[in-house]
Amino acid sequence: MANVDQWTRNKKIWHYILLILLSALIIGPFIIGLWTSLLPTADISSGNLLHSSISLNNYWEAFTQTPIIRYLFNSLLISFLTMLCQIFFCSMAAYAFVFIEFKHRNFYFYLVLSTMMLPFEAEVIPNFQTIKSLGLLNSYAGMIVPFMTSAFGIFMLRQAFMQMPYELKEAADVEGLNHWQFYVKAVLPYSRLSLYTLAAYSFLSAWNQYLWPMLTTFSDDFRPVQVGLRELQSQETFNNWGMIQASAAIIVIPTLIVLYFGQHYFKSGLNEGAVK
């Protein structure tokens with residue numbers, strides 16, 4: 001019995017050691033980047049990272065000498081509007097696939113799912129030609145319209161809506177609720193955990209886009225942060241690596257906020273489910 005207990009303790013110790021090592025590999029680069037954002041560029045170039053004075057000068061210079069505030073505003077606007085569009089259109093499509101009977105419903109759903117097998121790179125040229133023909137290049141609409149819905153979001157919400165008791169729909173029919181009233185008063189509140197998940201996913205996906213904004217934006221007035229940061233690095237006179245690291249750290253902050261609140265709502269949803 002003692003040998004079994006000792007073996008169990010050793011197993012737990014090795015599990016913790018492995019988790020610590022994996023955490024260090026994942027968090028290490030972020031900590032190094034955050035540390036270098038507080039150091040002068042001269043010390044970063046010379047490799048003097050441990051014996052240097054830290055300050056917030058790089059952050060002040062990033063806000064005052066670069067258009068990073070404009071980049072942040074552009075990304076926040078694009079990501080927020082994309083998130084709202086995906087929540088609305090994906091939930092409407094998922095509702096139709098679950099609660100509305102129409103011919104070849106399953107066929108159309110599988111047709112939507114089949115688009116998930118197409119890599120985004122295969123859609124770039126058709127989407128670019130469409131946006132160009134509509135005159136939406138170098139605009140907010142050009143970066144939002146192609147991503148107003150997603151097959152993944154439709155699939156996820158359809159699965160969530162299918163978990164609803166069908167008695168709710170029967171009760172709504174008895175009460176005389178139409179589809180829109182049932183959708184707003186019953187379906188969305190019941191599936192709020194899945195809606196929070198889709199909101200976080202769509203926001204982060206839009207925030208981290210690089211290829212599409214790089215192809216469709218030509219000025220700082222519409223560039224998001226990912227492309228804007230790359231533009232700062234590509235400028236011939238921009239060799240202030242401390243400021244670049246500070247700009248990169250600023251860009252990560254909204255992502256961490258979304259992940260934090262997304263985790264909070266996820267835990268809340270699990271607790272509610274356990275109580276029910």
# chains A, B, ... in the order shown; residues from 1 in each chain; ligands from 1
>>> residues_around(residues="Trp180 in chain A", least_positions_apart="5", cutoff="12 Å", atoms="only C-alpha atoms", output="list of chain:residue names")
A:Ser91, A:Met92, A:Tyr95, A:Ala96, A:Phe99, A:Ile100, A:Ala172, A:Asp173, A:Lys185, A:Ala186, A:Val187, A:Leu188
>>> residues_around(residues="range 69-75 of chain A", least_positions_apart="5", cutoff="12 Å", atoms="only C-alpha atoms", output="ChimeraX atom specification")
/A:59-64,80-83,138-141,143-144,203-210,213,217,219-232,247-248,250-255
>>> closest_atom_pairs(of="range 163-262 of chain A", to="range 150-158 of chain A", cutoff="12 Å", atoms="only C-alpha atoms", output="Markdown table")
| residue | atom | partner | partner_atom | distance |
| --- | --- | --- | --- | --- |
| A:Gln163 | CA | A:Arg158 | CA | 8.9 |
| A:Met164 | CA | A:Arg158 | CA | 10.4 |
| A:Val187 | CA | A:Leu157 | CA | 10.2 |
| A:Leu188 | CA | A:Leu157 | CA | 9.9 |
| A:Tyr190 | CA | A:Leu157 | CA | 11.2 |
| A:Ser191 | CA | A:Leu157 | CA | 7.9 |
| A:Arg192 | CA | A:Leu157 | CA | 9.9 |
| A:Leu193 | CA | A:Leu157 | CA | 10.0 |
| A:Ser194 | CA | A:Leu157 | CA | 6.5 |
| A:Leu195 | CA | A:Leu157 | CA | 7.5 |
| A:Tyr196 | CA | A:Leu157 | CA | 10.8 |
| A:Thr197 | CA | A:Met156 | CA | 9.4 |
| A:Leu198 | CA | A:Gly153 | CA | 6.4 |
| A:Ala199 | CA | A:Gly153 | CA | 9.4 |
| A:Ala200 | CA | A:Gly153 | CA | 11.3 |
| A:Tyr201 | CA | A:Gly153 | CA | 9.0 |
| A:Ser202 | CA | A:Gly153 | CA | 8.5 |
| A:Ser205 | CA | A:Ser150 | CA | 11.1 |
| A:Ala206 | CA | A:Ser150 | CA | 11.9 |
>>> select_by_dssp(residues="range 28-224 of chain A", states="helix (DSSP H, G or I)", output="PyMOL selection string")
chain A and resi 28-36+41-46+57-65+68-99+105-117+120-133+140-147+151-162+166-175+179-190+192-207+211-216
>>> atom_distance(atom1="CA of Leu39 in chain A", atom2="CA of Ile244 in chain A")
11.3 Å
>>> residues_around(residues="Ala246 in chain A", least_positions_apart="3", cutoff="8 Å", atoms="only C-alpha atoms", output="PyMOL selection string")
chain A and resi 34+37-38+58-59+62+242-243+249-250
>>> residues_around(residues="Asn127 in chain A", least_positions_apart="2", cutoff="12 Å", atoms="only C-alpha atoms", output="list in words")
Phe120, Glu121, Ala122, Glu123, Val124, Ile125, Gln129, Thr130, Ile131, Lys132, Ser133, Leu134, Leu136, Leu137, Gly142, Met143, Ile144, Val145, Pro146, Phe147, Trp212, Leu215 and Thr216 of chain A
>>> atom_distance(atom1="CA of Gln245 in chain A", atom2="CA of Trp35 in chain A")
8.9 Å
>>> atom_distance(atom1="CA of Phe161 in chain A", atom2="CA of Tyr183 in chain A")
10.2 Å
>>> closest_residue(among="A:Leu118, A:Gly135, A:Glu170, A:Cys85", to="Met148 in chain A", atoms="only C-alpha atoms")
A:Cys85
>>> decode(residues="range 11-86 of chain A", atoms="C-alpha atoms", output="PDB file, in the first residue's frame")
ATOM      1  CA  LYS A  11       3.460  10.544 -10.652  1.00  0.00           C
ATOM      2  CA  LYS A  12       1.855  13.792  -9.493  1.00  0.00           C
ATOM      3  CA  ILE A  13       5.284  15.391  -9.030  1.00  0.00           C
ATOM      4  CA  TRP A  14       6.317  14.535 -12.579  1.00  0.00           C
ATOM      5  CA  HIS A  15       2.986  15.829 -13.882  1.00  0.00           C
ATOM      6  CA  TYR A  16       3.564  19.156 -12.136  1.00  0.00           C
ATOM      7  CA  ILE A  17       7.125  19.352 -13.429  1.00  0.00           C
ATOM      8  CA  LEU A  18       5.900  18.726 -16.967  1.00  0.00           C
ATOM      9  CA  LEU A  19       3.182  21.371 -16.616  1.00  0.00           C
ATOM     10  CA  ILE A  20       5.696  23.897 -15.291  1.00  0.00           C
ATOM     11  CA  LEU A  21       8.047  23.262 -18.217  1.00  0.00           C
ATOM     12  CA  LEU A  22       5.241  23.575 -20.769  1.00  0.00           C
ATOM     13  CA  SER A  23       3.997  26.755 -19.094  1.00  0.00           C
ATOM     14  CA  ALA A  24       7.498  28.223 -19.230  1.00  0.00           C
ATOM     15  CA  LEU A  25       7.749  27.436 -22.948  1.00  0.00           C
ATOM     16  CA  ILE A  26       4.419  29.112 -23.640  1.00  0.00           C
ATOM     17  CA  ILE A  27       4.647  32.103 -21.296  1.00  0.00           C
ATOM     18  CA  GLY A  28       8.413  32.636 -21.642  1.00  0.00           C
ATOM     19  CA  PRO A  29       8.394  34.497 -24.991  1.00  0.00           C
ATOM     20  CA  PHE A  30       5.579  36.760 -23.783  1.00  0.00           C
ATOM     21  CA  ILE A  31       7.480  37.645 -20.591  1.00  0.00           C
ATOM     22  CA  ILE A  32      10.671  38.315 -22.566  1.00  0.00           C
ATOM     23  CA  GLY A  33       8.777  40.554 -24.984  1.00  0.00           C
ATOM     24  CA  LEU A  34       7.129  42.451 -22.132  1.00  0.00           C
ATOM     25  CA  TRP A  35      10.494  42.875 -20.379  1.00  0.00           C
ATOM     26  CA  THR A  36      12.267  44.180 -23.484  1.00  0.00           C
ATOM     27  CA  SER A  37       9.434  46.672 -24.055  1.00  0.00           C
ATOM     28  CA  LEU A  38      10.575  48.387 -20.851  1.00  0.00           C
ATOM     29  CA  LEU A  39      14.243  48.645 -21.890  1.00  0.00           C
ATOM     30  CA  PRO A  40      16.035  51.283 -23.988  1.00  0.00           C
ATOM     31  CA  THR A  41      16.692  50.323 -27.611  1.00  0.00           C
ATOM     32  CA  ALA A  42      20.459  50.674 -27.118  1.00  0.00           C
ATOM     33  CA  ASP A  43      20.446  48.010 -24.424  1.00  0.00           C
ATOM     34  CA  ILE A  44      18.289  45.703 -26.561  1.00  0.00           C
ATOM     35  CA  SER A  45      20.684  46.044 -29.505  1.00  0.00           C
ATOM     36  CA  SER A  46      23.723  45.369 -27.313  1.00  0.00           C
ATOM     37  CA  GLY A  47      22.085  42.382 -25.613  1.00  0.00           C
ATOM     38  CA  ASN A  48      22.217  44.012 -22.193  1.00  0.00           C
ATOM     39  CA  LEU A  49      18.805  42.808 -21.036  1.00  0.00           C
ATOM     40  CA  LEU A  50      19.475  42.067 -17.391  1.00  0.00           C
ATOM     41  CA  HIS A  51      21.556  45.030 -16.265  1.00  0.00           C
ATOM     42  CA  SER A  52      19.469  47.892 -17.583  1.00  0.00           C
ATOM     43  CA  SER A  53      17.067  50.442 -16.197  1.00  0.00           C
ATOM     44  CA  ILE A  54      13.404  49.950 -16.996  1.00  0.00           C
ATOM     45  CA  SER A  55      10.917  52.700 -17.816  1.00  0.00           C
ATOM     46  CA  LEU A  56       7.679  53.373 -19.663  1.00  0.00           C
ATOM     47  CA  ASN A  57       9.318  55.689 -22.205  1.00  0.00           C
ATOM     48  CA  ASN A  58       8.816  53.192 -25.034  1.00  0.00           C
ATOM     49  CA  TYR A  59       5.068  53.123 -24.383  1.00  0.00           C
ATOM     50  CA  TRP A  60       4.904  56.914 -24.298  1.00  0.00           C
ATOM     51  CA  GLU A  61       6.815  57.133 -27.571  1.00  0.00           C
ATOM     52  CA  ALA A  62       4.562  54.491 -29.150  1.00  0.00           C
ATOM     53  CA  PHE A  63       1.466  56.541 -28.345  1.00  0.00           C
ATOM     54  CA  THR A  64       2.959  59.915 -29.315  1.00  0.00           C
ATOM     55  CA  GLN A  65       5.223  59.078 -32.302  1.00  0.00           C
ATOM     56  CA  THR A  66       3.243  56.367 -34.108  1.00  0.00           C
ATOM     57  CA  PRO A  67      -0.386  56.089 -35.291  1.00  0.00           C
ATOM     58  CA  ILE A  68      -0.972  53.114 -32.993  1.00  0.00           C
ATOM     59  CA  ILE A  69      -4.082  54.733 -31.463  1.00  0.00           C
ATOM     60  CA  ARG A  70      -5.601  54.895 -34.930  1.00  0.00           C
ATOM     61  CA  TYR A  71      -4.623  51.282 -35.575  1.00  0.00           C
ATOM     62  CA  LEU A  72      -6.243  50.223 -32.291  1.00  0.00           C
ATOM     63  CA  PHE A  73      -9.428  52.102 -33.105  1.00  0.00           C
ATOM     64  CA  ASN A  74      -9.580  50.497 -36.554  1.00  0.00           C
ATOM     65  CA  SER A  75      -9.081  46.997 -35.150  1.00  0.00           C
ATOM     66  CA  LEU A  76     -11.601  47.489 -32.361  1.00  0.00           C
ATOM     67  CA  LEU A  77     -14.227  48.798 -34.780  1.00  0.00           C
ATOM     68  CA  ILE A  78     -13.656  46.048 -37.347  1.00  0.00           C
ATOM     69  CA  SER A  79     -13.552  43.274 -34.741  1.00  0.00           C
ATOM     70  CA  PHE A  80     -16.608  44.534 -32.868  1.00  0.00           C
ATOM     71  CA  LEU A  81     -18.760  44.932 -35.982  1.00  0.00           C
ATOM     72  CA  THR A  82     -17.618  41.555 -37.324  1.00  0.00           C
ATOM     73  CA  MET A  83     -18.532  39.978 -33.986  1.00  0.00           C
ATOM     74  CA  LEU A  84     -22.028  41.520 -34.021  1.00  0.00           C
ATOM     75  CA  CYS A  85     -22.637  40.440 -37.621  1.00  0.00           C
ATOM     76  CA  GLN A  86     -21.552  36.869 -36.957  1.00  0.00           C
TER      77      GLN A  86
END
